[in-house]
Protein chains: 2
Amino acid sequence: MPPLNISAGPVELTRQLCNIPSVSGDERAIADAVEAALHVHAPHLRVVRDGDTIIARTELGRARRVAIAGHLDTVPINRNLPVRNELDAVTGEPMIWGRGTVDMKAGVAVQLALAAELSDPAVDLTWIWYDHEEVASHLSGLGRAVRNHPELFAADFAILGEPSNGTIEGGCNGTLRARVTMRGRRAHSARGWMGVNAIHRAGDLLQRLSRYEADRIVVDGLEYREGVNAVRVEGGVAGNVIPDVCVVEVNYRFAPSRTEEEAAAFIREFFDDADEVEIVDLAPGARPGLDAPLAQRFVAAVGVEPTAKFGWTDVSRFAALGIPAVNFGPGDALLAHADDERVPVAQIEFTAAALRSWLAADERPAQARA
Amino acid sequence: MPPLNISAGPVELTRQLCNIPSVSGDERAIADAVEAALHVHAPHLRVVRDGDTIIARTELGRARRVAIAGHLDTVPINRNLPVRNELDAVTGEPMIWGRGTVDMKAGVAVQLALAAELSDPAVDLTWIWYDHEEVASHLSGLGRAVRNHPELFAADFAILGEPSNGTIEGGCNGTLRARVTMRGRRAHSARGWMGVNAIHRAGDLLQRLSRYEADRIVVDGLEYREGVNAVRVEGGVAGNVIPDVCVVEVNYRFAPSRTEEEAAAFIREFFDDADEVEIVDLAPGARPGLDAPLAQRFVAAVGVEPTAKFGWTDVSRFAALGIPAVNFGPGDALLAHADDERVPVAQIEFTAAALRSWLAADERPAQARA
């Protein structure tokens with residue numbers, strides 16, 4: 001495999017990174033390539049490797065530190081590699097097409113190019129490229145590296161390069177899943193009136209869900225839209241028996257201003273006529289943290305109004321460390337995992353330029369200037 | 001497994017039969033036991049086996065023939081075997097408690113004891129014990145045996161030993177099962193508003209079922225009570241996906257005055273907002289059929305006013321063969337399929353005595369008497 005040519009810039013680097021297959025669990029080759037390129041092109045960074053996760057830090061003693069992270073893995077390839085150049089069918093703008101272009105090697109390419117270029121940034125930088133994002137949460141390379149090297153992850157603000165069409169998507173909603181159980185009493189269905197039909201009892205609950213208008217909650221200036229949905233329903237004994245149990249599994253996406261406890265309390269109250277409410281999965285959201293001065297300068301550098309991120313992303317791992325975090329990367333998240341995922345070349349260039357202008361801007365205190 | 005001891009009488013035989021588990025599809029052991037016992041205790045019967053259905057006939061050349069039938073299978077066991085003796089909490093009368101006591105091994109026990117005992121009955125007898133009654137109609141062992149051996153089923157009157165509290169219950173309701181499908185559109189549950197939740201859509205339908213007051217319809221002087229119930233519900237893709245399909249299985253019990261076509265039309269109209277209504281099982285009811293002279297003598301022998309049967313029973317298979325049929329068996333049908341089903345010992349004894357007195361009564365033409 002030829003070495004990565006970082007100096008060719010983020011667009012060419014996107015092509016090179018995509019053409020190194022790295023489906024989750026198979027990230028060694030790309031991690032080796034990134035590590036080798038840093039040793040050649042970024043001698044100003046202290047590089048630590050943890051499995052197939054690479055952490056590369058400036059240690060310049062700046063007053064503030066920003067963590068910038070992206071995952072190296074992709075979902076499975078489906079005859080969509082190597083990448084190719086395309087023109088968008090509608091707008092005619094140049095695109096790079098293929099697995100990983102959107103989720104999220106264009107974002108990693110921008111980060112890697114800037115990591116090599118910015119040897120004297122305005123803030124200290126912690127670059128993190130990690131494995132196992134597209135699979136179960138407990139496998140996450142980011143989670144593992146934080147457990148193994150917590151001291152390397154201290155930061156005042158974090159940016160995750162997940163595709164956001166070159167806008168800032170702040171924080172993320174939390175997610176809760178609950179099993180809501182309605183009980184009844186079995187009887188032969190020839191004499192239904194002798195039993196209590198648990199499936200019929202679930203009718204009220206489902207109708208309430210159907211009519212419920214979820215909240216829109218403003219957190220640090222961004223509007224988070226919540227949602228409460230039945231994602232599974234199951235009930236029934238036999239074709240001639242009044243069913244005594246009906247279980248509705250519910251997924252609640254809640255604004256990052258709510259704690260896990262508040263989310264659980266909301267669900268318990270929403271289903272207070274149920275016989276049982278069991279919380280089976282609960283992960284907090286992340287506040288966008290866009291009220292911090294550092295973040296506000298970032299918003300100004302990007303020049304586009306930030307919006308809320310609805311889906312759960314690894315920003316919440318940073319939030320759990322007490323670090324406000326946002327998503328910022330090239331590519332349309334609606335094309336992530338699609339067989340025809342493709343990223344506009346202009347978004348790669350825009351994203352790189354916005355990050356560069358912010359990170360190079362002079363915000364050092366006067367006594368530290370040359 | 002010890003052999004059945006038929007000569008111990010119908011009460012003890014009820015215990016023995018119940019303690020041979022025979023959930024639908026698993027009737028071989030009990031059918032083997034019944035067949036073996038007939039060979040030992042009822043040499044006067046001609047025994048034919050069809051799968052796990054046993055047909056045992058006297059062939060005495062009597063002027064009339066009565067078919068007496070019962071099914072060998074039960075609904076699933078739910079920690080209610082082996083049977084135990086109990087005293088009724090209110091009346092103090094002795095009961096046998098456990099799966100199958102009511103539906104309908106006490107009835108089978110009465111029949112089996114009389115089959116062995118009545119070697120010289122007043123009418124020719126066709127005893128039928130069959131498999132697969134508690135499941136889809138097309139699996140019925142009785143239906144299968146009728147198709148395979150129609151000549152064995154000729155009769156002037158039929159009695160089915162389904163639980164009727166020792167009274168005669170005439171005819172039966174029809175039964176229809178339908179799969180009612182609601183469709184939606186998948187979306188990630190983080191953006192639920194992008195999809196259409198099929199499970200939420202089912203809420204209206206279930207609430208309508210919950211509120212519906214079923215008809216009561218008088219047929220040939222007996223009142224039939226109908227019912228419409230959800231018996232199963234299923235939907236869901238994954239914990240983070242808005243579900244695109246929800247299927248509710250519905251069971252409609254309809255009066256014997258309605259045709260199958262009328263029943264199907266009623267269900268299609270009831271669920272006219274569903275995306276699909278598929279009729280998966282449909283069996284007509286049976287009119288009471290108590291006008292035949294043989295039936296009237298039977299009513300006199302039992303000495304209790306006949307009533308309508310609500311549940312669909314295999315009397316309608318006899319009705320379809322042109323044979324008037326009634327239900328007559330020990331046990332309270334309200335306890336059928338209940339986890340605490342239990343039969344009064346006195347009803348087993350009363351039912352056996354009533355049947356014995358009718359079947360042994362001399363109704364042979366003069367020239368056939370000894």
# chains A, B, ... in the order shown; residues from 1 in each chain; ligands from 1
$ interface_residues --of "chain B" --to "chain A" --cutoff "6 Å" --atoms "only C-alpha atoms" --output "list in words"
Ala190, His200, Gly203, Leu206, Gln207, Ser210, Val231, Arg232, Val233, Glu234, Gly235, Gly236, Gly239, Ile242, Pro243, Phe310 and Gly311 of chain B
$ write_last_selection --atoms "N, CA, C and O atoms" --output "CSV table (one decimal), in the first residue's frame"
chain,number,residue,atom,x,y,z
B,190,ALA,N,-34.8,8.6,15.7
B,190,ALA,CA,-34.3,9.9,16.1
B,190,ALA,C,-35.0,11.0,15.4
B,190,ALA,O,-35.0,12.2,15.8
B,200,HIS,N,-48.6,2.9,16.1
B,200,HIS,CA,-49.5,3.9,16.5
B,200,HIS,C,-50.8,3.9,15.8
B,200,HIS,O,-51.9,4.1,16.3
B,203,GLY,N,-53.6,1.9,17.1
B,203,GLY,CA,-54.3,2.3,18.4
B,203,GLY,C,-55.8,2.5,18.2
B,203,GLY,O,-56.6,2.0,19.0
B,206,LEU,N,-57.6,-0.8,18.0
B,206,LEU,CA,-57.7,-1.5,19.2
B,206,LEU,C,-58.7,-0.8,20.2
B,206,LEU,O,-59.4,-1.5,20.9
B,207,GLN,N,-58.7,0.5,20.1
B,207,GLN,CA,-59.7,1.2,21.0
B,207,GLN,C,-61.1,0.9,20.5
B,207,GLN,O,-62.0,0.7,21.4
B,210,SER,N,-62.0,-2.4,21.8
B,210,SER,CA,-62.2,-2.3,23.3
B,210,SER,C,-63.6,-1.8,23.6
B,210,SER,O,-64.2,-2.2,24.6
B,231,VAL,N,-56.6,-11.2,19.3
B,231,VAL,CA,-56.0,-12.3,20.0
B,231,VAL,C,-54.5,-12.3,19.9
B,231,VAL,O,-53.8,-13.1,20.6
B,232,ARG,N,-54.0,-11.5,19.0
B,232,ARG,CA,-52.5,-11.4,18.8
B,232,ARG,C,-52.2,-10.0,18.2
B,232,ARG,O,-53.0,-9.5,17.5
B,233,VAL,N,-51.0,-9.5,18.6
B,233,VAL,CA,-50.6,-8.3,17.9
B,233,VAL,C,-49.1,-8.4,17.7
B,233,VAL,O,-48.4,-9.0,18.6
B,234,GLU,N,-48.6,-7.9,16.6
B,234,GLU,CA,-47.2,-8.0,16.4
B,234,GLU,C,-46.7,-6.9,15.5
B,234,GLU,O,-47.4,-6.6,14.5
B,235,GLY,N,-45.6,-6.2,15.8
B,235,GLY,CA,-45.1,-5.2,15.0
B,235,GLY,C,-43.7,-4.8,15.5
B,235,GLY,O,-43.4,-4.9,16.7
B,236,GLY,N,-42.9,-4.2,14.6
B,236,GLY,CA,-41.6,-3.7,15.0
B,236,GLY,C,-40.4,-4.2,14.2
B,236,GLY,O,-40.5,-5.4,13.8
B,239,GLY,N,-35.0,-1.4,17.8
B,239,GLY,CA,-35.3,-0.5,18.8
B,239,GLY,C,-35.1,1.0,18.4
B,239,GLY,O,-35.5,1.9,19.1
B,242,ILE,N,-38.7,3.4,13.3
B,242,ILE,CA,-40.2,3.6,13.3
B,242,ILE,C,-40.7,2.4,12.5
B,242,ILE,O,-40.4,2.2,11.3
B,243,PRO,N,-41.7,1.6,13.1
B,243,PRO,CA,-42.1,0.4,12.4
B,243,PRO,C,-43.1,0.7,11.3
B,243,PRO,O,-43.9,1.5,11.4
B,310,PHE,N,-72.1,-20.9,23.1
B,310,PHE,CA,-71.5,-19.7,22.6
B,310,PHE,C,-70.2,-20.1,21.7
B,310,PHE,O,-70.0,-19.5,20.7
B,311,GLY,N,-69.4,-21.0,22.3
B,311,GLY,CA,-68.2,-21.3,21.6
B,311,GLY,C,-68.4,-22.1,20.4
B,311,GLY,O,-69.4,-22.8,20.3
$ select_by_dssp --residues "stretch 187-280 of chain A" --states "strand (DSSP E or B)" --output "PyMOL selection string"
chain A and resi 187-188+196+216-219+222-225+227-236+241-242+245-254+276-280
$ write_last_selection --atoms "C-alpha atoms" --output "mmCIF file, in the first residue's frame"
data_model
loop_
_atom_site.group_PDB
_atom_site.id
_atom_site.type_symbol
_atom_site.label_atom_id
_atom_site.label_comp_id
_atom_site.auth_asym_id
_atom_site.auth_seq_id
_atom_site.Cartn_x
_atom_site.Cartn_y
_atom_site.Cartn_z
ATOM 1 C CA ALA A 187 -60.413 -16.521 28.863
ATOM 2 C CA HIS A 188 -61.667 -18.514 25.937
ATOM 3 C CA VAL A 196 -59.791 -8.859 30.194
ATOM 4 C CA ARG A 216 -39.309 21.091 21.061
ATOM 5 C CA ILE A 217 -36.838 22.304 23.635
ATOM 6 C CA VAL A 218 -34.252 25.034 23.221
ATOM 7 C CA VAL A 219 -30.898 24.186 24.806
ATOM 8 C CA LEU A 222 -30.548 25.201 19.652
ATOM 9 C CA GLU A 223 -33.969 23.615 19.296
ATOM 10 C CA TYR A 224 -34.111 19.885 20.060
ATOM 11 C CA ARG A 225 -37.125 18.016 18.788
ATOM 12 C CA GLY A 227 -40.028 11.968 20.024
ATOM 13 C CA VAL A 228 -41.893 9.161 21.762
ATOM 14 C CA ASN A 229 -42.510 6.134 19.590
ATOM 15 C CA ALA A 230 -43.649 2.575 19.933
ATOM 16 C CA VAL A 231 -40.936 0.578 18.181
ATOM 17 C CA ARG A 232 -42.282 -2.889 18.921
ATOM 18 C CA VAL A 233 -45.510 -4.484 20.127
ATOM 19 C CA GLU A 234 -46.158 -8.058 21.075
ATOM 20 C CA GLY A 235 -49.078 -9.874 22.619
ATOM 21 C CA GLY A 236 -51.214 -12.969 22.272
ATOM 22 C CA VAL A 241 -57.621 -17.070 23.875
ATOM 23 C CA ILE A 242 -58.203 -13.572 25.264
ATOM 24 C CA VAL A 245 -50.241 -9.691 28.362
ATOM 25 C CA CYS A 246 -49.356 -7.060 25.790
ATOM 26 C CA VAL A 247 -45.905 -5.448 25.738
ATOM 27 C CA VAL A 248 -45.189 -2.211 23.907
ATOM 28 C CA GLU A 249 -41.531 -1.238 23.520
ATOM 29 C CA VAL A 250 -41.139 2.501 23.435
ATOM 30 C CA ASN A 251 -38.211 4.673 22.330
ATOM 31 C CA TYR A 252 -38.014 8.166 23.813
ATOM 32 C CA ARG A 253 -35.581 10.636 22.294
ATOM 33 C CA PHE A 254 -35.148 13.432 24.801
ATOM 34 C CA GLU A 276 -45.327 -2.215 34.427
ATOM 35 C CA VAL A 277 -42.770 0.158 32.914
ATOM 36 C CA GLU A 278 -39.254 -1.254 32.658
ATOM 37 C CA ILE A 279 -36.427 0.981 31.403
ATOM 38 C CA VAL A 280 -34.190 -1.289 29.282
#
$ residues_around --residues "A:Pro344" --least-positions-apart "6" --cutoff "10 Å" --atoms "only C-alpha atoms" --output "list in words"
Val11, Asn85, Glu86, Leu87, Asp88, Glu93, Pro94, Met95, Ile96, Trp97, Thr101, Val102, Ala106, Asn165, Pro330, Gly331 and Asp332 of chain A
$ residues_around --residues "stretch 122-138 of chain A" --least-positions-apart "3" --cutoff "8 Å" --atoms "only C-alpha atoms" --output "number ranges by chain"
A: 24-25, 27, 52-75, 108, 111, 115, 141-143, 152-153, 155, 359-364
$ select_by_dssp --residues "stretch 10-212 of chain A" --states "helix (DSSP H, G or I)" --output "count of residues only"
75
$ atom_distance --atom1 "atom CA of A:Gly170" --atom2 "atom CA of A:Val90"
29.2 Å
$ residues_around --residues "B:Ala29" --least-positions-apart "5" --cutoff "10 Å" --atoms "only C-alpha atoms" --output "ChimeraX atom specification"
/B:1,20-22,34-35,52
$ residues_around --residues "A:Ala37" --least-positions-apart "5" --cutoff "10 Å" --atoms "only C-alpha atoms" --output "ChimeraX atom specification"
/A:3-6,31-32,42-43,112,116
$ closest_residue --among "A:Arg342, A:Phe157, A:Pro150, A:Met104" --to "A:Leu294" --atoms "only C-alpha atoms"
A:Phe157
$ residues_around --residues "B:Gly221" --least-positions-apart "5" --cutoff "9 Å" --atoms "only C-alpha atoms" --output "list of chain:residue names"
B:Pro288, B:Thr307, B:Ala308
$ closest_residue --among "A:Glu262, A:Asp340, A:Asp215, A:Asp103" --to "A:Thr14" --atoms "only C-alpha atoms"
A:Asp103
$ atom_distance --atom1 "atom CA of B:Ser164" --atom2 "atom CA of B:Ala336"
10.6 Å
$ atom_distance --atom1 "atom CA of B:Thr167" --atom2 "atom CA of B:Gln347"
9.7 Å
